[in-house]
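Just coords36.cif here, mmCIF, C-alpha atoms and all ligand atoms:
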data_my_file
loop_
_atom_site.label_atom_id
_atom_site.label_comp_id
_atom_site.auth_asym_id
_atom_site.auth_seq_id
_atom_site.Cartn_x
_atom_site.Cartn_y
_atom_site.Cartn_z
CA MET W 156 -13.09 -9.09 15.57
CA ILE W 157 -11.87 -10.13 12.16
CA LYS W 158 -10.19 -7.24 10.40
CA VAL W 159 -10.89 -7.07 6.67
CA GLY W 160 -9.02 -4.73 4.38
CA LEU W 161 -10.78 -3.37 1.32
CA ILE W 162 -8.28 -2.47 -1.36
CA VAL W 163 -9.57 -0.74 -4.47
CA GLY W 164 -7.62 -0.59 -7.72
CA SER W 165 -8.84 2.88 -8.69
CA LEU W 166 -7.96 6.35 -7.41
CA ARG W 167 -10.86 8.00 -9.24
CA LYS W 168 -13.19 10.07 -7.00
CA GLU W 169 -16.34 8.65 -8.59
CA SER W 170 -14.88 5.15 -9.05
CA TYR W 171 -17.44 2.40 -9.56
CA SER W 172 -15.06 0.01 -7.80
CA LYS W 173 -15.05 2.25 -4.72
CA LYS W 174 -18.84 2.30 -4.76
CA VAL W 175 -18.95 -1.50 -4.98
CA ALA W 176 -16.42 -1.75 -2.15
CA ARG W 177 -18.65 0.37 0.10
CA LEU W 178 -21.70 -1.77 -0.69
CA LEU W 179 -19.81 -5.00 -0.01
CA ALA W 180 -18.51 -3.61 3.30
CA GLU W 181 -22.08 -2.84 4.40
CA LEU W 182 -22.98 -6.49 3.95
CA LEU W 183 -20.25 -7.90 6.18
CA PRO W 184 -21.48 -9.18 9.54
CA GLU W 185 -20.72 -7.25 12.74
CA GLU W 186 -17.85 -9.49 13.79
CA PHE W 187 -15.94 -8.16 10.74
CA GLU W 188 -14.25 -4.78 11.08
CA THR W 189 -13.59 -3.07 7.75
CA VAL W 190 -10.57 -0.96 6.88
CA PHE W 191 -10.33 0.92 3.57
CA LEU W 192 -6.68 1.15 2.60
CA SER W 193 -5.75 4.20 0.56
CA LEU W 194 -3.36 3.78 -2.36
CA ASN W 195 -3.36 7.50 -3.22
CA GLU W 196 0.04 8.40 -1.80
CA LEU W 197 2.02 5.27 -2.69
CA ALA W 198 5.11 6.11 -4.75
CA ILE W 199 6.02 3.58 -7.44
CA TYR W 200 8.03 0.72 -5.99
CA ASN W 201 11.79 1.19 -6.17
CA GLN W 202 13.90 -1.40 -4.37
CA ASP W 203 16.57 1.21 -3.61
CA PHE W 204 14.20 2.83 -1.11
CA ASP W 205 14.14 -0.40 0.91
CA ASP W 206 17.81 -1.30 0.40
CA GLU W 207 19.01 2.17 1.41
CA GLY W 208 16.61 2.60 4.36
CA ASN W 209 14.93 5.50 2.63
CA VAL W 210 11.39 4.16 2.84
CA PRO W 211 8.58 6.62 1.97
CA THR W 212 6.26 7.41 4.88
CA ALA W 213 3.24 6.33 2.84
CA TRP W 214 4.80 2.88 2.29
CA ILE W 215 5.47 2.50 6.01
CA LYS W 216 1.88 3.42 6.85
CA PHE W 217 0.48 1.12 4.18
CA ARG W 218 2.62 -1.83 5.30
CA GLU W 219 1.65 -1.29 8.95
CA GLN W 220 -2.05 -1.09 8.09
CA ALA W 221 -1.93 -4.15 5.85
CA LYS W 222 0.06 -6.18 8.38
CA GLU W 223 -2.79 -5.74 10.88
CA LEU W 224 -5.37 -7.26 8.54
CA ASP W 225 -6.73 -10.77 8.86
CA ALA W 226 -8.18 -10.92 5.35
CA VAL W 227 -8.47 -8.79 2.21
CA ILE W 228 -11.05 -8.06 -0.46
CA PHE W 229 -9.58 -6.64 -3.66
CA ILE W 230 -12.08 -4.70 -5.75
CA THR W 231 -10.65 -3.65 -9.05
CA PRO W 232 -11.37 -2.28 -12.47
CA GLU W 233 -9.57 -3.70 -15.49
CA TYR W 234 -7.00 -1.62 -17.36
CA ASN W 235 -6.04 -2.91 -20.78
CA ARG W 236 -7.14 -6.41 -19.85
CA SER W 237 -5.01 -6.45 -16.72
CA VAL W 238 -4.60 -5.09 -13.18
CA PRO W 239 -4.35 -1.28 -12.83
CA ALA W 240 -0.77 -0.26 -12.04
CA VAL W 241 -1.80 1.36 -8.77
CA LEU W 242 -3.03 -1.97 -7.40
CA LYS W 243 -0.06 -3.98 -8.66
CA ASN W 244 2.17 -1.35 -7.09
CA ALA W 245 0.41 -1.76 -3.74
CA LEU W 246 0.90 -5.53 -3.90
CA ASP W 247 4.59 -5.06 -4.69
CA ILE W 248 5.10 -2.59 -1.83
CA GLY W 249 3.37 -4.92 0.62
CA SER W 250 5.43 -7.90 -0.54
CA ARG W 251 8.80 -6.38 0.42
CA PRO W 252 11.35 -6.29 2.06
CA TYR W 253 11.94 -9.92 1.12
CA GLY W 254 10.67 -12.23 3.84
CA HIS W 255 8.41 -9.58 5.38
CA SER W 256 5.40 -9.70 3.10
CA VAL W 257 2.22 -8.33 4.65
CA TRP W 258 0.10 -10.64 2.49
CA ASP W 259 1.32 -14.07 3.52
CA LYS W 260 -1.47 -16.60 4.31
CA LYS W 261 -4.25 -14.00 4.47
CA PRO W 262 -7.52 -15.17 2.94
CA ALA W 263 -8.65 -12.99 0.06
CA ALA W 264 -11.34 -12.43 -2.52
CA VAL W 265 -11.10 -10.75 -5.90
CA VAL W 266 -13.98 -8.68 -7.26
CA SER W 267 -13.62 -7.19 -10.73
CA VAL W 268 -15.86 -4.32 -11.81
CA SER W 269 -16.43 -2.97 -15.28
CA PRO W 270 -18.88 -0.88 -17.27
CA SER W 271 -18.53 -3.47 -20.01
CA LYS W 272 -20.09 -6.89 -20.35
CA LEU W 273 -16.70 -8.60 -20.10
CA SER W 274 -16.67 -7.79 -16.37
CA GLY W 275 -12.94 -7.34 -15.86
CA PHE W 276 -12.18 -11.03 -16.31
CA GLY W 277 -8.60 -10.30 -17.41
CA ALA W 278 -7.83 -8.14 -14.38
CA ASN W 279 -9.49 -10.64 -12.07
CA HIS W 280 -7.28 -13.49 -13.22
CA HIS W 281 -4.04 -11.52 -13.56
CA LEU W 282 -4.56 -10.42 -9.97
CA ARG W 283 -5.13 -14.04 -8.91
CA GLN W 284 -1.81 -14.98 -10.51
CA SER W 285 0.06 -12.59 -8.18
CA LEU W 286 -1.97 -13.63 -5.15
CA VAL W 287 -1.04 -17.28 -5.68
CA PHE W 288 2.62 -16.35 -5.49
CA LEU W 289 1.97 -14.14 -2.45
CA ASN W 290 0.54 -17.20 -0.69
CA MET W 291 -2.94 -15.78 -0.18
CA PRO W 292 -5.70 -18.36 -0.27
CA VAL W 293 -8.11 -16.75 -2.74
CA MET W 294 -11.81 -17.59 -2.73
CA GLN W 295 -12.66 -19.58 -5.84
CA GLN W 296 -16.46 -19.59 -5.64
CA PRO W 297 -18.50 -17.62 -6.06
CA GLU W 298 -16.48 -15.86 -8.73
CA ALA W 299 -17.13 -12.12 -8.62
CA TYR W 300 -17.20 -10.55 -12.06
CA ILE W 301 -19.38 -7.45 -11.93
CA GLY W 302 -20.16 -6.24 -15.43
CA GLU W 303 -22.30 -3.40 -16.75
CA ILE W 304 -21.85 -1.64 -13.44
CA GLY W 305 -23.23 1.62 -14.83
CA GLN W 306 -26.62 -0.05 -15.03
CA LEU W 307 -26.45 -1.68 -11.58
CA LEU W 308 -25.81 1.49 -9.54
CA ASP W 309 -27.14 5.03 -9.70
CA ASP W 310 -24.90 8.12 -9.68
CA ASP W 311 -24.83 8.16 -5.87
CA GLY W 312 -23.66 4.56 -5.69
CA HIS W 313 -26.99 3.08 -4.62
CA TYR W 314 -28.46 -0.08 -6.10
CA GLN W 315 -30.78 0.47 -9.07
CA ASN W 316 -32.39 -2.88 -8.39
CA PRO W 317 -31.61 -3.75 -4.77
CA GLU W 318 -33.40 -7.09 -4.81
CA ARG W 319 -31.33 -8.49 -7.61
CA THR W 320 -27.97 -6.74 -7.20
CA GLN W 321 -27.78 -6.73 -3.42
CA ALA W 322 -28.66 -10.42 -3.41
CA PHE W 323 -25.77 -11.08 -5.81
CA PHE W 324 -23.37 -8.97 -3.70
CA LYS W 325 -24.54 -10.87 -0.62
CA THR W 326 -23.58 -14.22 -2.17
CA ILE W 327 -20.07 -12.82 -2.69
CA VAL W 328 -19.84 -11.54 0.90
CA ASP W 329 -21.32 -14.72 2.40
CA GLY W 330 -18.82 -16.79 0.44
CA PHE W 331 -15.99 -14.57 1.63
CA VAL W 332 -17.11 -14.77 5.27
CA SER W 333 -17.05 -18.56 5.32
CA TRP W 334 -13.86 -18.69 3.23
CA THR W 335 -12.14 -16.35 5.69
CA LYS W 336 -13.25 -18.33 8.72
CA GLN W 337 -11.96 -21.55 7.16
CA ASN W 338 -8.62 -20.03 6.19
CA LEU W 339 -7.72 -17.62 9.00
CA SER W 340 -4.06 -18.14 9.74
CA LYS W 341 -4.14 -17.26 13.44
C1 LIG P 1 -6.17 3.09 -19.04
C2 LIG P 1 -7.54 2.44 -19.07
C3 LIG P 1 -7.67 1.18 -19.59
C4 LIG P 1 -8.92 0.56 -19.56
N1 LIG P 1 -9.04 -0.74 -20.00
C5 LIG P 1 -10.19 -1.41 -19.80
C6 LIG P 1 -10.26 -2.83 -20.02
O1 LIG P 1 -9.32 -3.47 -20.43
N2 LIG P 1 -11.42 -3.46 -19.75
C7 LIG P 1 -12.53 -2.79 -19.27
O2 LIG P 1 -13.55 -3.42 -19.03
N3 LIG P 1 -12.49 -1.44 -19.06
C8 LIG P 1 -11.35 -0.76 -19.31
N4 LIG P 1 -11.27 0.59 -19.02
C9 LIG P 1 -12.50 1.31 -18.62
C10 LIG P 1 -12.71 1.18 -17.12
O3 LIG P 1 -13.36 -0.04 -16.85
C11 LIG P 1 -13.57 2.35 -16.62
O4 LIG P 1 -12.88 3.55 -16.81
C12 LIG P 1 -13.94 2.17 -15.16
O5 LIG P 1 -14.90 3.13 -14.80
C13 LIG P 1 -12.72 2.26 -14.25
O6 LIG P 1 -13.04 1.83 -12.95
P1 LIG P 1 -13.45 2.83 -11.78
O7 LIG P 1 -14.81 3.35 -12.14
O8 LIG P 1 -13.46 1.99 -10.55
O9 LIG P 1 -12.43 3.93 -11.73
C14 LIG P 1 -10.05 1.25 -19.06
C15 LIG P 1 -9.89 2.54 -18.55
C16 LIG P 1 -8.65 3.13 -18.54
C17 LIG P 1 -8.49 4.51 -17.94
#
Show me this structure written as structure tokens.
Amino acid sequence: MIKVGLIVGSLRKESYSKKVARLLAELLPEEFETVFLSLNELAIYNQDFDDEGNVPTAWIKFREQAKELDAVIFITPEYNRSVPAVLKNALDIGSRPYGHSVWDKKPAAVVSVSPSKLSGFGANHHLRQSLVFLNMPVMQQPEAYIGEIGQLLDDDGHYQNPERTQAFFKTIVDGFVSWTKQNLSK
């Protein structure tokens, strides 16, 4: 089994990004186990907590869960042309203590989601910048910019036009499956 983490950069109950994450997970083949990592309880990173051995329980749980993953799909909205703080915070927490990053060498994909036509391009590429430093091989093609999401899904998170949208999502997942197999580090 290849364990794939789905990490969503939105805490919102009705988040479009969460809905996209669920649809992408459904398309993964059976040999891929999916784990949705929650960012809800993660306190903002403060190095004192690590240095003084006062590590929040939610950080410990998140680090343990992320360590177990073989690969990660990040599905994120864009906030002010960049990565939502909650997702950057999760990356920072997972990257420390120094030398014990949970991200190292894990294949990844970035999917940006937006109600606008611009498709979260800024968030997508700011996130890639951090992932390069974190030594995660990030899928380059197909690029996954999902714009006008309000027109692609209905209120319950189902496809409005399954033929077209599911086929597009499948190209992302198929690309990620072969990328992961090529880049698995163990
Ligand atoms: C603080 C804030 C900043 C935002 N900035 C952008 C932006 O730069 N680009 C964009 O496409 N949408 C922006 N939006 C709108 C979000 O794309 C929209 O709220 C979206 O539904 C959030 O994703 P979610 O549905 O997964 O929670 C912003 C929303 C918030 C709350």
For this session: Let me have all residues with an atom within 9 Å of ligand LIG 1 (chain P), counting all atoms listed in the file, laid out as a ChimeraX atom specification.
Result: /W:163-175,230-239,268-278,302,304-305
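For Thr335 (chain W), the list of residues within 8 Å, based on all atoms listed in the file and with local chain neighbours fewer than 6 positions off taken out, reads Ala226, Pro262 and Ala263 of chain W.
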How about saving the chosen residues, C-alpha atoms kept, as an mmCIF file, in the coordinates of the input?
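Printed below is selection-v4.cif as written:
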data_model
loop_
_atom_site.group_PDB
_atom_site.id
_atom_site.type_symbol
_atom_site.label_atom_id
_atom_site.label_comp_id
_atom_site.auth_asym_id
_atom_site.auth_seq_id
_atom_site.Cartn_x
_atom_site.Cartn_y
_atom_site.Cartn_z
ATOM 1 C CA ALA W 226 -8.180 -10.920 5.350
ATOM 2 C CA PRO W 262 -7.520 -15.170 2.940
ATOM 3 C CA ALA W 263 -8.650 -12.990 0.060
#
For this session: Just give me the gap between CA of Val257 (chain W) and CA of Phe324 (chain W) in Å, one decimal is fine.
Result: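 We find that CA of Val257 (chain W) and CA of Phe324 (chain W) lie 26.9 Å from each other.
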If we count all atoms listed in the file, what is near Val266 (chain W) at a cut-off of 8 Å, once residues fewer than 2 positions away on the same chain are taken out, given as a CSV table (one decimal) with C-alpha atoms, in the frame of the given file?
chain,number,residue,atom,x,y,z
W,228,ILE,CA,-11.0,-8.1,-0.5
W,229,PHE,CA,-9.6,-6.6,-3.7
W,230,ILE,CA,-12.1,-4.7,-5.8
W,231,THR,CA,-10.6,-3.6,-9.0
W,264,ALA,CA,-11.3,-12.4,-2.5
W,268,VAL,CA,-15.9,-4.3,-11.8
W,279,ASN,CA,-9.5,-10.6,-12.1
W,298,GLU,CA,-16.5,-15.9,-8.7
W,299,ALA,CA,-17.1,-12.1,-8.6
W,300,TYR,CA,-17.2,-10.6,-12.1
W,301,ILE,CA,-19.4,-7.4,-11.9
Problem set entry | From W:Glu181, W:Glu186, W:Asp259, W:Glu223, residue lying nearest His313 (chain W) [only C-alpha atoms] | W:Glu181
Exercise. Hey, can you check how far CA of Asp206 (chain W) sits from CA of Pro252 (chain W)?
Worked result: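 CA of Pro252 (chain W) lies 8.3 Å from CA of Asp206 (chain W).
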Exercise. Between W:Phe323, W:Phe288, W:Phe331, W:Tyr253, which has the minimum distance to Gln202 (chain W) (counting all atoms listed in the file)?
Worked result: W:Tyr253
List the neighbours of Asp329 (chain W) out to 12 Å using all atoms listed in the file; skip same-chain residues closer than 2 positions along the sequence, and give me the result as a compact mmCIF listing (two decimals) with C-alpha atoms, in the frame of the given file.
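Produced file around-v2.txt, reproduced below:
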# COMPACT_ATOMS: atom_id res chain seq x y z
CA LEU W 179 -19.81 -5.00 -0.01
CA ALA W 180 -18.51 -3.61 3.30
CA LEU W 182 -22.98 -6.49 3.95
CA LEU W 183 -20.25 -7.90 6.18
CA PRO W 184 -21.48 -9.18 9.54
CA PHE W 187 -15.94 -8.16 10.74
CA ALA W 264 -11.34 -12.43 -2.52
CA MET W 294 -11.81 -17.59 -2.73
CA GLN W 296 -16.46 -19.59 -5.64
CA PRO W 297 -18.50 -17.62 -6.06
CA GLN W 321 -27.78 -6.73 -3.42
CA ALA W 322 -28.66 -10.42 -3.41
CA PHE W 323 -25.77 -11.08 -5.81
CA PHE W 324 -23.37 -8.97 -3.70
CA LYS W 325 -24.54 -10.87 -0.62
CA THR W 326 -23.58 -14.22 -2.17
CA ILE W 327 -20.07 -12.82 -2.69
CA PHE W 331 -15.99 -14.57 1.63
CA VAL W 332 -17.11 -14.77 5.27
CA SER W 333 -17.05 -18.56 5.32
CA TRP W 334 -13.86 -18.69 3.23
CA THR W 335 -12.14 -16.35 5.69
CA LYS W 336 -13.25 -18.33 8.72
Problem set entry | Point-to-point distance from CA of Ser285 (chain W) to CA of Val210 (chain W), Å rounded to tenths |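 Separation between CA of Ser285 (chain W) and CA of Val210 (chain W): 23.0 Å.
Non-sequential neighbours of Phe217 (chain W) (distance at most 9 Å, separation of 6 or more positions within a chain, only C-alpha atoms) are Leu192, Ser193, Leu194, Leu197, Ala245, Ile248 and Gly249 of chain W.
The protein and nucleic acid residues lying at most 12 Å from Asn290 (chain W) are Ser250, Ser256, Val257, Trp258, Asp259, Lys260, Lys261, Pro262, Ala263, Arg283, Gln284, Ser285, Leu286, Val287, Val293, Asn338 and Ser340 of chain W, with all atoms listed in the file considered and sequence neighbours fewer than 3 positions away removed.
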Exercise. Taking into account all atoms listed in the file, which residue in the set W:Leu308, W:Ile215, W:Ala240, W:Leu246 is nearest to Thr320 (chain W)?
Worked result: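 Closest to Thr320 (chain W) of all the choices is W:Leu308.
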Could I see region 212-224 of chain W restored to N, CA and C atoms, set down as a CSV table (one decimal), in the coordinates of the input?
chain,number,residue,atom,x,y,z
W,212,THR,N,7.2,7.5,3.8
W,212,THR,CA,6.3,7.4,4.9
W,212,THR,C,5.0,6.7,4.5
W,213,ALA,N,4.5,7.0,3.3
W,213,ALA,CA,3.2,6.3,2.8
W,213,ALA,C,3.4,4.8,2.7
W,214,TRP,N,4.6,4.3,2.3
W,214,TRP,CA,4.8,2.9,2.3
W,214,TRP,C,4.8,2.3,3.7
W,215,ILE,N,5.4,3.0,4.6
W,215,ILE,CA,5.5,2.5,6.0
W,215,ILE,C,4.1,2.4,6.6
W,216,LYS,N,3.3,3.4,6.3
W,216,LYS,CA,1.9,3.4,6.8
W,216,LYS,C,1.1,2.3,6.2
W,217,PHE,N,1.2,2.2,4.9
W,217,PHE,CA,0.5,1.1,4.2
W,217,PHE,C,0.9,-0.3,4.7
W,218,ARG,N,2.2,-0.5,4.8
W,218,ARG,CA,2.6,-1.8,5.3
W,218,ARG,C,2.1,-2.1,6.7
W,219,GLU,N,2.1,-1.1,7.6
W,219,GLU,CA,1.6,-1.3,9.0
W,219,GLU,C,0.2,-1.6,8.9
W,220,GLN,N,-0.6,-0.9,8.2
W,220,GLN,CA,-2.0,-1.1,8.1
W,220,GLN,C,-2.4,-2.5,7.5
W,221,ALA,N,-1.7,-2.9,6.5
W,221,ALA,CA,-1.9,-4.2,5.8
W,221,ALA,C,-1.5,-5.3,6.7
W,222,LYS,N,-0.4,-5.1,7.5
W,222,LYS,CA,0.1,-6.2,8.4
W,222,LYS,C,-1.0,-6.5,9.4
W,223,GLU,N,-1.8,-5.5,9.8
W,223,GLU,CA,-2.8,-5.7,10.9
W,223,GLU,C,-4.0,-6.5,10.4
W,224,LEU,N,-4.1,-6.6,9.1
W,224,LEU,CA,-5.4,-7.3,8.5
W,224,LEU,C,-5.4,-8.8,8.7
